[in-house]
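Colleague: Sending over model_8.cif (mmCIF, C-alpha atoms).
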data_coords
#
loop_
_atom_site.group_PDB
_atom_site.id
_atom_site.type_symbol
_atom_site.label_atom_id
_atom_site.label_comp_id
_atom_site.auth_asym_id
_atom_site.auth_seq_id
_atom_site.Cartn_x
_atom_site.Cartn_y
_atom_site.Cartn_z
ATOM 1 C CA MET L 1 6.441 4.479 36.371
ATOM 2 C CA ILE L 2 5.313 0.889 36.875
ATOM 3 C CA MET L 3 2.007 1.781 35.229
ATOM 4 C CA PHE L 4 3.817 2.831 32.047
ATOM 5 C CA ASP L 5 5.740 -0.436 32.053
ATOM 6 C CA SER L 6 2.417 -2.308 32.097
ATOM 7 C CA ILE L 7 1.000 -0.173 29.313
ATOM 8 C CA GLU L 8 4.172 -0.715 27.282
ATOM 9 C CA GLU L 9 3.816 -4.472 27.710
ATOM 10 C CA LEU L 10 0.172 -4.356 26.687
ATOM 11 C CA LEU L 11 0.974 -2.287 23.599
ATOM 12 C CA THR L 12 3.735 -4.690 22.619
ATOM 13 C CA HIS L 13 1.255 -7.543 22.945
ATOM 14 C CA ILE L 14 -1.270 -5.732 20.727
ATOM 15 C CA GLN L 15 1.441 -5.184 18.122
ATOM 16 C CA SER L 16 2.306 -8.851 18.197
ATOM 17 C CA VAL L 17 -1.351 -9.869 17.739
ATOM 18 C CA GLN L 18 -1.755 -7.422 14.863
ATOM 19 C CA LEU L 19 1.309 -8.799 13.090
ATOM 20 C CA ASP L 20 -0.110 -12.317 13.464
ATOM 21 C CA VAL L 21 -3.448 -11.165 12.021
ATOM 22 C CA ILE L 22 -1.677 -9.603 9.018
ATOM 23 C CA GLU L 23 0.204 -12.833 8.379
ATOM 24 C CA LEU L 24 -2.805 -15.125 8.870
ATOM 25 C CA SER L 25 -5.216 -13.090 6.771
ATOM 26 C CA GLY L 26 -2.651 -12.875 3.975
ATOM 27 C CA ASP L 27 -1.921 -16.580 4.174
ATOM 28 C CA SER L 28 -5.608 -17.536 4.065
ATOM 29 C CA LEU L 29 -6.297 -15.446 0.972
ATOM 30 C CA LEU L 30 -3.150 -16.640 -0.774
ATOM 31 C CA LYS L 31 -4.302 -20.232 -0.197
ATOM 32 C CA MET L 32 -7.663 -19.363 -1.749
ATOM 33 C CA SER L 33 -6.085 -17.635 -4.748
ATOM 34 C CA ALA L 34 -3.650 -20.544 -5.242
ATOM 35 C CA PHE L 35 -6.614 -22.957 -5.306
ATOM 36 C CA MET L 36 -8.382 -20.794 -7.873
ATOM 37 C CA GLU L 37 -5.327 -20.541 -10.092
ATOM 38 C CA GLU L 38 -4.568 -24.273 -9.876
ATOM 39 C CA ASN L 39 -8.132 -25.045 -10.909
ATOM 40 C CA SER L 40 -8.296 -22.285 -13.527
ATOM 41 C CA LEU L 41 -11.278 -20.701 -11.803
ATOM 42 C CA GLU L 42 -12.233 -17.318 -13.128
ATOM 43 C CA ILE L 43 -12.007 -14.419 -10.717
ATOM 44 C CA ASP L 44 -15.085 -12.219 -10.331
ATOM 45 C CA GLU L 45 -15.451 -8.782 -8.794
ATOM 46 C CA ASN L 46 -16.260 -10.115 -5.305
ATOM 47 C CA ILE L 47 -13.204 -12.364 -5.120
ATOM 48 C CA SER L 48 -10.979 -9.646 -6.564
ATOM 49 C CA THR L 49 -12.290 -7.231 -3.940
ATOM 50 C CA ALA L 50 -11.731 -9.777 -1.157
ATOM 51 C CA LEU L 51 -8.104 -10.220 -2.213
ATOM 52 C CA GLN L 52 -7.592 -6.474 -2.275
ATOM 53 C CA TYR L 53 -9.221 -6.027 1.132
ATOM 54 C CA GLN L 54 -6.302 -7.981 2.563
ATOM 55 C CA ASP L 55 -3.971 -5.258 1.310
ATOM 56 C CA ILE L 56 -6.141 -2.639 3.012
ATOM 57 C CA ILE L 57 -6.198 -4.698 6.247
ATOM 58 C CA THR L 58 -2.406 -4.950 6.165
ATOM 59 C CA GLN L 59 -1.932 -1.228 5.599
ATOM 60 C CA GLN L 60 -4.423 -0.299 8.319
ATOM 61 C CA LEU L 61 -2.889 -2.620 10.911
ATOM 62 C CA THR L 62 0.638 -1.574 9.944
ATOM 63 C CA ALA L 63 -0.386 2.062 10.425
ATOM 64 C CA THR L 64 -1.782 1.332 13.888
ATOM 65 C CA ASN L 65 1.385 -0.594 14.729
ATOM 66 C CA GLU L 66 3.409 2.458 13.740
ATOM 67 C CA ALA L 67 1.181 4.606 15.948
ATOM 68 C CA ILE L 68 1.759 2.227 18.860
ATOM 69 C CA GLU L 69 5.505 2.329 18.251
ATOM 70 C CA SER L 70 5.372 6.122 18.328
ATOM 71 C CA MET L 71 3.384 6.008 21.599
ATOM 72 C CA LYS L 72 5.929 3.675 23.152
ATOM 73 C CA LYS L 73 8.794 5.990 22.199
ATOM 74 C CA SER L 74 6.989 9.040 23.626
ATOM 75 C CA MET L 75 6.287 7.152 26.855
ATOM 76 C CA ALA L 76 9.924 6.073 27.081
ATOM 77 C CA VAL L 77 11.092 9.686 26.707
ATOM 78 C CA PHE L 78 8.678 10.775 29.445
ATOM 79 C CA THR L 79 9.706 7.942 31.783
ATOM 80 C CA HIS L 80 13.383 8.761 31.270
ATOM 81 C CA ALA L 81 12.798 12.448 32.066
ATOM 82 C CA TYR L 82 10.668 11.604 35.086
ATOM 83 C CA LYS L 83 13.235 9.203 36.526
ATOM 84 C CA ASN L 84 16.071 11.689 36.120
ATOM 85 C CA ASP L 85 14.356 14.812 37.362
ATOM 86 C CA GLU L 86 10.947 14.727 38.958
ATOM 87 C CA GLY L 87 10.829 18.508 38.607
ATOM 88 C CA LEU L 88 10.593 17.999 34.866
ATOM 89 C CA ALA L 89 7.650 15.642 35.213
ATOM 90 C CA ALA L 90 4.917 18.223 34.726
ATOM 91 C CA GLU L 91 6.599 19.678 31.653
ATOM 92 C CA SER L 92 7.278 16.210 30.280
ATOM 93 C CA MET L 93 3.648 15.229 30.799
ATOM 94 C CA VAL L 94 2.546 18.160 28.623
ATOM 95 C CA LYS L 95 5.017 17.106 25.932
ATOM 96 C CA LEU L 96 3.799 13.520 26.181
ATOM 97 C CA GLN L 97 0.202 14.632 25.700
ATOM 98 C CA GLU L 98 1.220 16.649 22.641
ATOM 99 C CA LYS L 99 3.128 13.728 21.166
ATOM 100 C CA LEU L 100 0.205 11.365 21.746
ATOM 101 C CA SER L 101 -2.192 13.845 20.124
ATOM 102 C CA ASP L 102 0.107 14.090 17.102
ATOM 103 C CA THR L 103 0.291 10.312 16.909
ATOM 104 C CA LEU L 104 -3.492 10.023 17.050
ATOM 105 C CA ALA L 105 -3.933 12.650 14.319
ATOM 106 C CA GLU L 106 -1.441 10.869 12.062
ATOM 107 C CA ALA L 107 -3.080 7.490 12.710
ATOM 108 C CA ARG L 108 -6.524 8.896 11.846
ATOM 109 C CA ASP L 109 -5.156 10.419 8.648
ATOM 110 C CA LYS L 110 -3.650 7.075 7.635
ATOM 111 C CA LYS L 111 -6.930 5.286 8.401
ATOM 112 C CA SER L 112 -8.647 7.565 5.923
ATOM 113 C CA ARG L 113 -5.850 7.435 3.336
ATOM 114 C CA PHE L 114 -5.473 3.663 3.361
ATOM 115 C CA SER L 115 -9.181 2.833 3.102
ATOM 116 C CA GLY L 116 -9.302 3.028 -0.679
ATOM 117 C CA LYS L 117 -12.822 2.925 -2.056
ATOM 118 C CA ASN L 118 -14.128 1.839 1.355
ATOM 119 C CA ALA L 119 -13.926 5.446 2.460
ATOM 120 C CA PRO L 120 -17.376 6.959 1.758
ATOM 121 C CA GLU L 121 -15.875 9.955 -0.049
ATOM 122 C CA GLN L 122 -13.996 7.638 -2.434
ATOM 123 C CA ALA L 123 -16.696 5.052 -3.086
ATOM 124 C CA ASP L 124 -17.434 6.353 -6.586
ATOM 125 C CA GLU L 125 -13.789 6.757 -7.546
ATOM 126 C CA GLU L 126 -13.204 5.792 -11.196
ATOM 127 C CA ILE L 127 -9.940 5.113 -12.987
ATOM 128 C CA GLU L 128 -8.478 8.505 -13.758
ATOM 129 C CA PHE L 129 -6.301 9.074 -16.823
ATOM 130 C CA PHE L 130 -4.037 12.106 -16.987
ATOM 131 C CA MET N 2 2.834 -10.006 -26.611
ATOM 132 C CA PRO N 3 3.144 -6.701 -24.742
ATOM 133 C CA LEU N 4 4.903 -6.957 -21.400
ATOM 134 C CA VAL N 5 3.011 -5.599 -18.393
ATOM 135 C CA ILE N 6 4.728 -5.470 -15.024
ATOM 136 C CA PHE N 7 2.902 -5.193 -11.711
ATOM 137 C CA ILE N 8 4.672 -3.958 -8.584
ATOM 138 C CA ASP N 9 2.967 -4.354 -5.220
ATOM 139 C CA ASP N 10 4.265 -5.414 -1.821
ATOM 140 C CA SER N 11 0.935 -7.176 -1.228
ATOM 141 C CA GLU N 12 1.048 -10.703 -2.594
ATOM 142 C CA THR N 13 -2.741 -10.942 -2.463
ATOM 143 C CA ALA N 14 -3.063 -7.795 -4.577
ATOM 144 C CA LEU N 15 -0.645 -9.351 -7.072
ATOM 145 C CA ALA N 16 -2.675 -12.577 -7.065
ATOM 146 C CA SER N 17 -5.771 -10.547 -7.853
ATOM 147 C CA THR N 18 -4.168 -8.703 -10.794
ATOM 148 C CA ARG N 19 -2.602 -11.946 -12.042
ATOM 149 C CA MET N 20 -5.982 -13.704 -12.151
ATOM 150 C CA VAL N 21 -7.777 -10.720 -13.637
ATOM 151 C CA THR N 22 -5.268 -10.443 -16.503
ATOM 152 C CA ALA N 23 -4.833 -14.196 -17.089
ATOM 153 C CA SER N 24 -7.116 -14.190 -20.122
ATOM 154 C CA MET N 25 -5.589 -11.092 -21.715
ATOM 155 C CA PRO N 26 -3.115 -11.238 -24.618
ATOM 156 C CA ILE N 27 -0.268 -9.854 -22.530
ATOM 157 C CA GLU N 28 2.840 -11.164 -20.795
ATOM 158 C CA VAL N 29 2.784 -10.414 -17.073
ATOM 159 C CA LYS N 30 5.699 -10.090 -14.657
ATOM 160 C CA GLN N 31 5.149 -9.299 -10.991
ATOM 161 C CA TYR N 32 7.379 -7.851 -8.313
ATOM 162 C CA THR N 33 6.891 -7.333 -4.593
ATOM 163 C CA GLU N 34 9.781 -4.830 -4.478
ATOM 164 C CA ALA N 35 10.078 -1.833 -6.792
ATOM 165 C CA GLN N 36 13.862 -1.768 -6.549
ATOM 166 C CA VAL N 37 14.033 -5.295 -7.984
ATOM 167 C CA ALA N 38 11.850 -4.306 -10.950
ATOM 168 C CA LEU N 39 13.981 -1.203 -11.460
ATOM 169 C CA ALA N 40 17.184 -3.266 -11.474
ATOM 170 C CA GLU N 41 15.726 -5.507 -14.203
ATOM 171 C CA ILE N 42 14.662 -2.458 -16.216
ATOM 172 C CA LYS N 43 18.157 -1.014 -15.917
ATOM 173 C CA ALA N 44 19.491 -4.407 -17.056
ATOM 174 C CA GLY N 45 17.460 -4.176 -20.247
ATOM 175 C CA MET N 46 13.863 -5.224 -19.545
ATOM 176 C CA THR N 47 11.505 -2.975 -21.525
ATOM 177 C CA PRO N 48 7.922 -3.216 -20.268
ATOM 178 C CA ASP N 49 5.108 -1.824 -22.407
ATOM 179 C CA LEU N 50 3.079 -0.902 -19.323
ATOM 180 C CA ILE N 51 3.897 -0.635 -15.629
ATOM 181 C CA ILE N 52 1.265 -0.796 -12.897
ATOM 182 C CA THR N 53 2.656 0.016 -9.483
ATOM 183 C CA ASP N 54 1.495 0.437 -5.908
ATOM 184 C CA LEU N 55 2.328 3.671 -4.081
ATOM 185 C CA ASN N 56 2.973 2.711 -0.448
ATOM 186 C CA MET N 57 5.744 0.145 -0.363
ATOM 187 C CA PRO N 58 8.719 -0.314 1.960
ATOM 188 C CA VAL N 59 12.260 0.462 0.734
ATOM 189 C CA MET N 60 11.156 2.183 -2.517
ATOM 190 C CA ASN N 61 7.688 3.688 -2.848
ATOM 191 C CA GLY N 62 5.789 4.221 -6.086
ATOM 192 C CA PHE N 63 6.867 7.836 -6.559
ATOM 193 C CA GLU N 64 10.535 7.041 -5.902
ATOM 194 C CA PHE N 65 10.253 4.223 -8.421
ATOM 195 C CA LEU N 66 8.608 6.497 -10.965
ATOM 196 C CA LYS N 67 11.344 9.121 -10.614
ATOM 197 C CA ALA N 68 14.054 6.491 -11.080
ATOM 198 C CA LEU N 69 12.137 4.976 -13.996
ATOM 199 C CA ARG N 70 12.107 8.300 -15.832
ATOM 200 C CA ASP N 71 15.879 8.527 -15.472
ATOM 201 C CA VAL N 72 16.278 5.354 -17.557
ATOM 202 C CA PRO N 73 16.240 6.390 -21.251
ATOM 203 C CA ALA N 74 14.331 3.286 -22.361
ATOM 204 C CA THR N 75 11.466 3.895 -19.919
ATOM 205 C CA LYS N 76 11.322 7.675 -19.993
ATOM 206 C CA ARG N 77 7.856 7.509 -21.542
ATOM 207 C CA THR N 78 6.669 4.033 -20.618
ATOM 208 C CA PRO N 79 2.968 4.220 -19.668
ATOM 209 C CA THR N 80 2.640 3.820 -15.914
ATOM 210 C CA LEU N 81 -0.477 3.484 -13.791
ATOM 211 C CA MET N 82 -0.622 3.899 -10.029
ATOM 212 C CA LEU N 83 -2.761 1.261 -8.276
ATOM 213 C CA THR N 84 -3.190 2.279 -4.657
ATOM 214 C CA THR N 85 -5.508 2.721 -1.673
ATOM 215 C CA GLU N 86 -4.732 6.450 -1.728
ATOM 216 C CA ALA N 87 -6.988 8.905 -3.563
ATOM 217 C CA LYS N 88 -5.888 12.363 -2.404
ATOM 218 C CA ALA N 89 -5.902 14.955 -5.170
ATOM 219 C CA GLU N 90 -2.456 16.277 -4.206
ATOM 220 C CA LEU N 91 -0.941 12.812 -4.575
ATOM 221 C CA LYS N 92 -2.548 12.425 -7.995
ATOM 222 C CA GLN N 93 -1.102 15.787 -9.000
ATOM 223 C CA GLN N 94 2.316 14.692 -7.783
ATOM 224 C CA GLY N 95 1.998 11.538 -9.883
ATOM 225 C CA LYS N 96 0.836 13.473 -12.907
ATOM 226 C CA ALA N 97 3.846 15.798 -12.606
ATOM 227 C CA LEU N 98 6.099 12.742 -12.605
ATOM 228 C CA GLY N 99 4.593 11.535 -15.869
ATOM 229 C CA LEU N 100 2.056 9.067 -14.539
ATOM 230 C CA THR N 101 -0.486 7.860 -17.097
ATOM 231 C CA GLY N 102 -3.354 7.282 -14.695
ATOM 232 C CA TRP N 103 -4.544 6.513 -11.179
ATOM 233 C CA ILE N 104 -6.552 3.506 -9.981
ATOM 234 C CA VAL N 105 -7.937 3.299 -6.441
ATOM 235 C CA LYS N 106 -8.155 -0.102 -4.710
ATOM 236 C CA PRO N 107 -10.168 -2.181 -4.566
ATOM 237 C CA PHE N 108 -10.329 -2.020 -8.355
ATOM 238 C CA ASN N 109 -13.076 -3.476 -10.492
ATOM 239 C CA PRO N 110 -11.607 -6.315 -12.638
ATOM 240 C CA GLN N 111 -13.421 -5.188 -15.787
ATOM 241 C CA GLN N 112 -12.225 -1.621 -15.351
ATOM 242 C CA LEU N 113 -8.639 -2.767 -14.869
ATOM 243 C CA LYS N 114 -8.857 -4.860 -18.042
ATOM 244 C CA GLN N 115 -10.325 -1.901 -19.926
ATOM 245 C CA ALA N 116 -7.564 0.389 -18.660
ATOM 246 C CA ILE N 117 -4.843 -2.024 -19.811
ATOM 247 C CA THR N 118 -6.607 -2.507 -23.162
ATOM 248 C CA ARG N 119 -6.856 1.243 -23.607
ATOM 249 C CA VAL N 120 -3.250 2.053 -22.718
ATOM 250 C CA LEU N 121 -1.795 -0.774 -24.804
ATOM 251 C CA ARG N 122 -4.325 -0.206 -27.599
ATOM 252 C CA LEU N 123 -5.245 -3.872 -27.642
ATOM 253 C CA PRO N 124 -8.234 -5.049 -29.678
ATOM 254 C CA ALA N 125 -11.322 -4.573 -27.475
#
Would you mind writing the file's structure down as structure tokens?

Modeller:
Amino acid sequence: MIMFDSIEELLTHIQSVQLDVIELSGDSLLKMSAFMEENSLEIDENISTALQYQDIITQQLTATNEAIESMKKSMAVFTHAYKNDEGLAAESMVKLQEKLSDTLAEARDKKSRFSGKNAPEQADEEIEFF
Amino acid sequence: MPLVIFIDDSETALASTRMVTASMPIEVKQYTEAQVALAEIKAGMTPDLIITDLNMPVMNGFEFLKALRDVPATKRTPTLMLTTEAKAELKQQGKALGLTGWIVKPFNPQQLKQAITRVLRLPA
């Protein structure tokens, strides 16, 4: 399962890059907001939206990182089964495919859920009082 | 001045709400962890309005809301959810827990100000 080892390494690298992007994008916007607050600059809708986009970016990348983590676990289970009993390989491959499909479905759901008003169906969302 | 607390694990979201409300006649406290805000409430802090995120590590917005309603002093404290989520079933869940309203990110600064003004009955 050398191929899976390579994929696992690549996925780990992607996770690492995504975590760096979360940190850098947050840091850059915090620097901007600190400058605005220090200089008593008034916030307008565009700046407010930009600051909130960072939250959406973080949630989206965190969700994909969770999906990657789930993929890695499913691959590890498959590799373990394959190494211990090659006869189980075919069955394990089916289970792996199912797990990956579930992971993809969950990741797509989170992409939609965490988009806020950027999702077309939520663009006109107003504040709702109960 | 009325005390408004914001809870959000995103520091940039907190910066945005802080700047938007800077000119309002309210006192603002902000928390990146709901459990820390809850501990202060249990220790005697009595906010007039709470605006909280939903998806947060350790304690999410619904868990916070449930715990908040168990504290006699905040049983009926107005609470708004400020989140990226907009699913009807989540809103219903929030409503059942005594939520006052639901705001989807990214919010419009004027609308947020109007919502706070309305809930706290501040002069418009």

Colleague: With 6 Å as the cut-off and only C-alpha atoms counted, what is the closest atom pair between each nearby residue of chain L and chain N? Distances in Å to one decimal, ordered by chain and number, as a tab-separated table.

Modeller:
residue	atom	partner	partner_atom	distance
L:Leu30	CA	N:Thr13	CA	6.0
L:Glu45	CA	N:Pro110	CA	6.0
L:Ser48	CA	N:Ser17	CA	5.4
L:Thr49	CA	N:Pro107	CA	5.5
L:Leu51	CA	N:Thr13	CA	5.4
L:Gln52	CA	N:Ala14	CA	5.2
L:Asp55	CA	N:Ser11	CA	5.8
L:Arg113	CA	N:Glu86	CA	5.3
L:Phe114	CA	N:Thr85	CA	5.1
L:Gly116	CA	N:Thr85	CA	3.9
L:Ile127	CA	N:Ile104	CA	4.8
L:Glu128	CA	N:Trp103	CA	5.1
L:Phe129	CA	N:Gly102	CA	4.1
L:Phe130	CA	N:Gly102	CA	5.4

Colleague: One decimal, in Å: what's the spacing between CA of Glu42 (chain L) and CA of Thr80 (chain N)?

Modeller: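 Computed distance, CA of Glu42 (chain L) to CA of Thr80 (chain N), equals 26.0 Å.
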
Colleague: Mind listing as an MDAnalysis selection string all residues within 10 Å of (10.6, 1.9, -17.6), counting all atoms listed in the file?

Modeller: chainID N and resid 6 38:39 41:43 45:51 65:66 68:80

Colleague: State, in Å with one decimal place, the distance from CA of Glu126 (chain L) to CA of Leu41 (chain L).

Modeller: 26.6 Å

Colleague: Return as lines of an AutoDock Vina configuration file the centre and edge lengths, in Å with one decimal, of the box along x, y and z that encloses every atom of region 59-77 of chain N in the file, padded by 6 Å per side.

Modeller:
center_x = 11.0
center_y = 4.8
center_z = -10.8
size_x = 22.5
size_y = 20.7
size_z = 35.1

Colleague: Taking all heavy atoms as the atom set, what does region 63-74 of chain N look like once completed, written as a CSV table (one decimal), keeping the file's coordinate frame?

Modeller:
chain,number,residue,atom,x,y,z
N,63,PHE,N,6.3,6.6,-6.0
N,63,PHE,CA,6.9,7.8,-6.6
N,63,PHE,C,8.4,7.8,-6.8
N,63,PHE,O,8.9,8.2,-7.8
N,63,PHE,CB,6.5,9.0,-5.7
N,63,PHE,CG,5.1,9.5,-5.8
N,63,PHE,CD1,4.4,10.0,-4.7
N,63,PHE,CD2,4.4,9.3,-6.9
N,63,PHE,CE1,3.1,10.5,-4.8
N,63,PHE,CE2,3.0,9.7,-7.0
N,63,PHE,CZ,2.4,10.3,-5.9
N,64,GLU,N,9.1,7.2,-5.8
N,64,GLU,CA,10.5,7.0,-5.9
N,64,GLU,C,10.9,6.2,-7.1
N,64,GLU,O,11.8,6.4,-7.9
N,64,GLU,CB,11.1,6.4,-4.6
N,64,GLU,CG,11.1,7.4,-3.4
N,64,GLU,CD,11.3,6.6,-2.1
N,64,GLU,OE1,11.1,5.4,-2.0
N,64,GLU,OE2,11.6,7.3,-1.1
N,65,PHE,N,10.1,5.1,-7.3
N,65,PHE,CA,10.3,4.2,-8.4
N,65,PHE,C,10.0,5.0,-9.7
N,65,PHE,O,10.8,4.9,-10.7
N,65,PHE,CB,9.3,3.0,-8.3
N,65,PHE,CG,9.2,2.2,-9.6
N,65,PHE,CD1,10.3,1.3,-9.9
N,65,PHE,CD2,8.2,2.3,-10.4
N,65,PHE,CE1,10.2,0.6,-11.1
N,65,PHE,CE2,8.1,1.6,-11.6
N,65,PHE,CZ,9.2,0.7,-11.9
N,66,LEU,N,9.0,5.8,-9.8
N,66,LEU,CA,8.6,6.5,-11.0
N,66,LEU,C,9.7,7.5,-11.3
N,66,LEU,O,10.1,7.6,-12.5
N,66,LEU,CB,7.3,7.2,-10.7
N,66,LEU,CG,6.5,7.8,-11.9
N,66,LEU,CD1,6.3,6.7,-13.0
N,66,LEU,CD2,5.2,8.4,-11.4
N,67,LYS,N,10.2,8.2,-10.3
N,67,LYS,CA,11.3,9.1,-10.6
N,67,LYS,C,12.5,8.4,-11.2
N,67,LYS,O,13.1,8.8,-12.2
N,67,LYS,CB,11.8,9.8,-9.3
N,67,LYS,CG,10.9,11.0,-8.9
N,67,LYS,CD,11.4,11.6,-7.6
N,67,LYS,CE,10.3,12.4,-6.9
N,67,LYS,NZ,10.6,12.7,-5.5
N,68,ALA,N,12.9,7.3,-10.6
N,68,ALA,CA,14.1,6.5,-11.1
N,68,ALA,C,13.8,5.9,-12.5
N,68,ALA,O,14.7,5.9,-13.3
N,68,ALA,CB,14.4,5.4,-10.1
N,69,LEU,N,12.5,5.5,-12.7
N,69,LEU,CA,12.1,5.0,-14.0
N,69,LEU,C,12.3,6.0,-15.1
N,69,LEU,O,12.8,5.7,-16.2
N,69,LEU,CB,10.7,4.6,-13.9
N,69,LEU,CG,10.1,3.8,-15.1
N,69,LEU,CD1,10.5,2.4,-15.1
N,69,LEU,CD2,8.5,3.9,-15.0
N,70,ARG,N,12.0,7.2,-14.8
N,70,ARG,CA,12.1,8.3,-15.8
N,70,ARG,C,13.6,8.7,-16.1
N,70,ARG,O,13.8,9.4,-17.1
N,70,ARG,CB,11.3,9.5,-15.4
N,70,ARG,CG,9.8,9.3,-15.3
N,70,ARG,CD,9.2,8.6,-16.5
N,70,ARG,NE,7.7,8.5,-16.4
N,70,ARG,CZ,7.1,7.5,-16.9
N,70,ARG,NH1,7.7,6.5,-17.5
N,70,ARG,NH2,5.8,7.4,-16.8
N,71,ASP,N,14.4,8.3,-15.2
N,71,ASP,CA,15.9,8.5,-15.5
N,71,ASP,C,16.5,7.5,-16.4
N,71,ASP,O,17.6,7.6,-16.9
N,71,ASP,CB,16.7,8.5,-14.1
N,71,ASP,CG,16.4,9.8,-13.3
N,71,ASP,OD1,16.0,10.8,-13.9
N,71,ASP,OD2,16.6,9.8,-12.1
N,72,VAL,N,15.8,6.4,-16.7
N,72,VAL,CA,16.3,5.4,-17.6
N,72,VAL,C,15.8,5.7,-19.0
N,72,VAL,O,14.6,5.8,-19.2
N,72,VAL,CB,15.8,4.0,-17.1
N,72,VAL,CG1,16.3,2.9,-18.1
N,72,VAL,CG2,16.2,3.6,-15.7
N,73,PRO,N,16.7,5.9,-19.9
N,73,PRO,CA,16.2,6.4,-21.3
N,73,PRO,C,15.2,5.5,-21.9
N,73,PRO,O,14.2,6.0,-22.4
N,73,PRO,CB,17.5,6.3,-22.1
N,73,PRO,CG,18.6,6.5,-21.1
N,73,PRO,CD,18.2,5.9,-19.8
N,74,ALA,N,15.3,4.2,-21.7
N,74,ALA,CA,14.3,3.3,-22.4
N,74,ALA,C,12.9,3.4,-21.8
N,74,ALA,O,11.9,3.0,-22.4
N,74,ALA,CB,14.9,1.9,-22.3
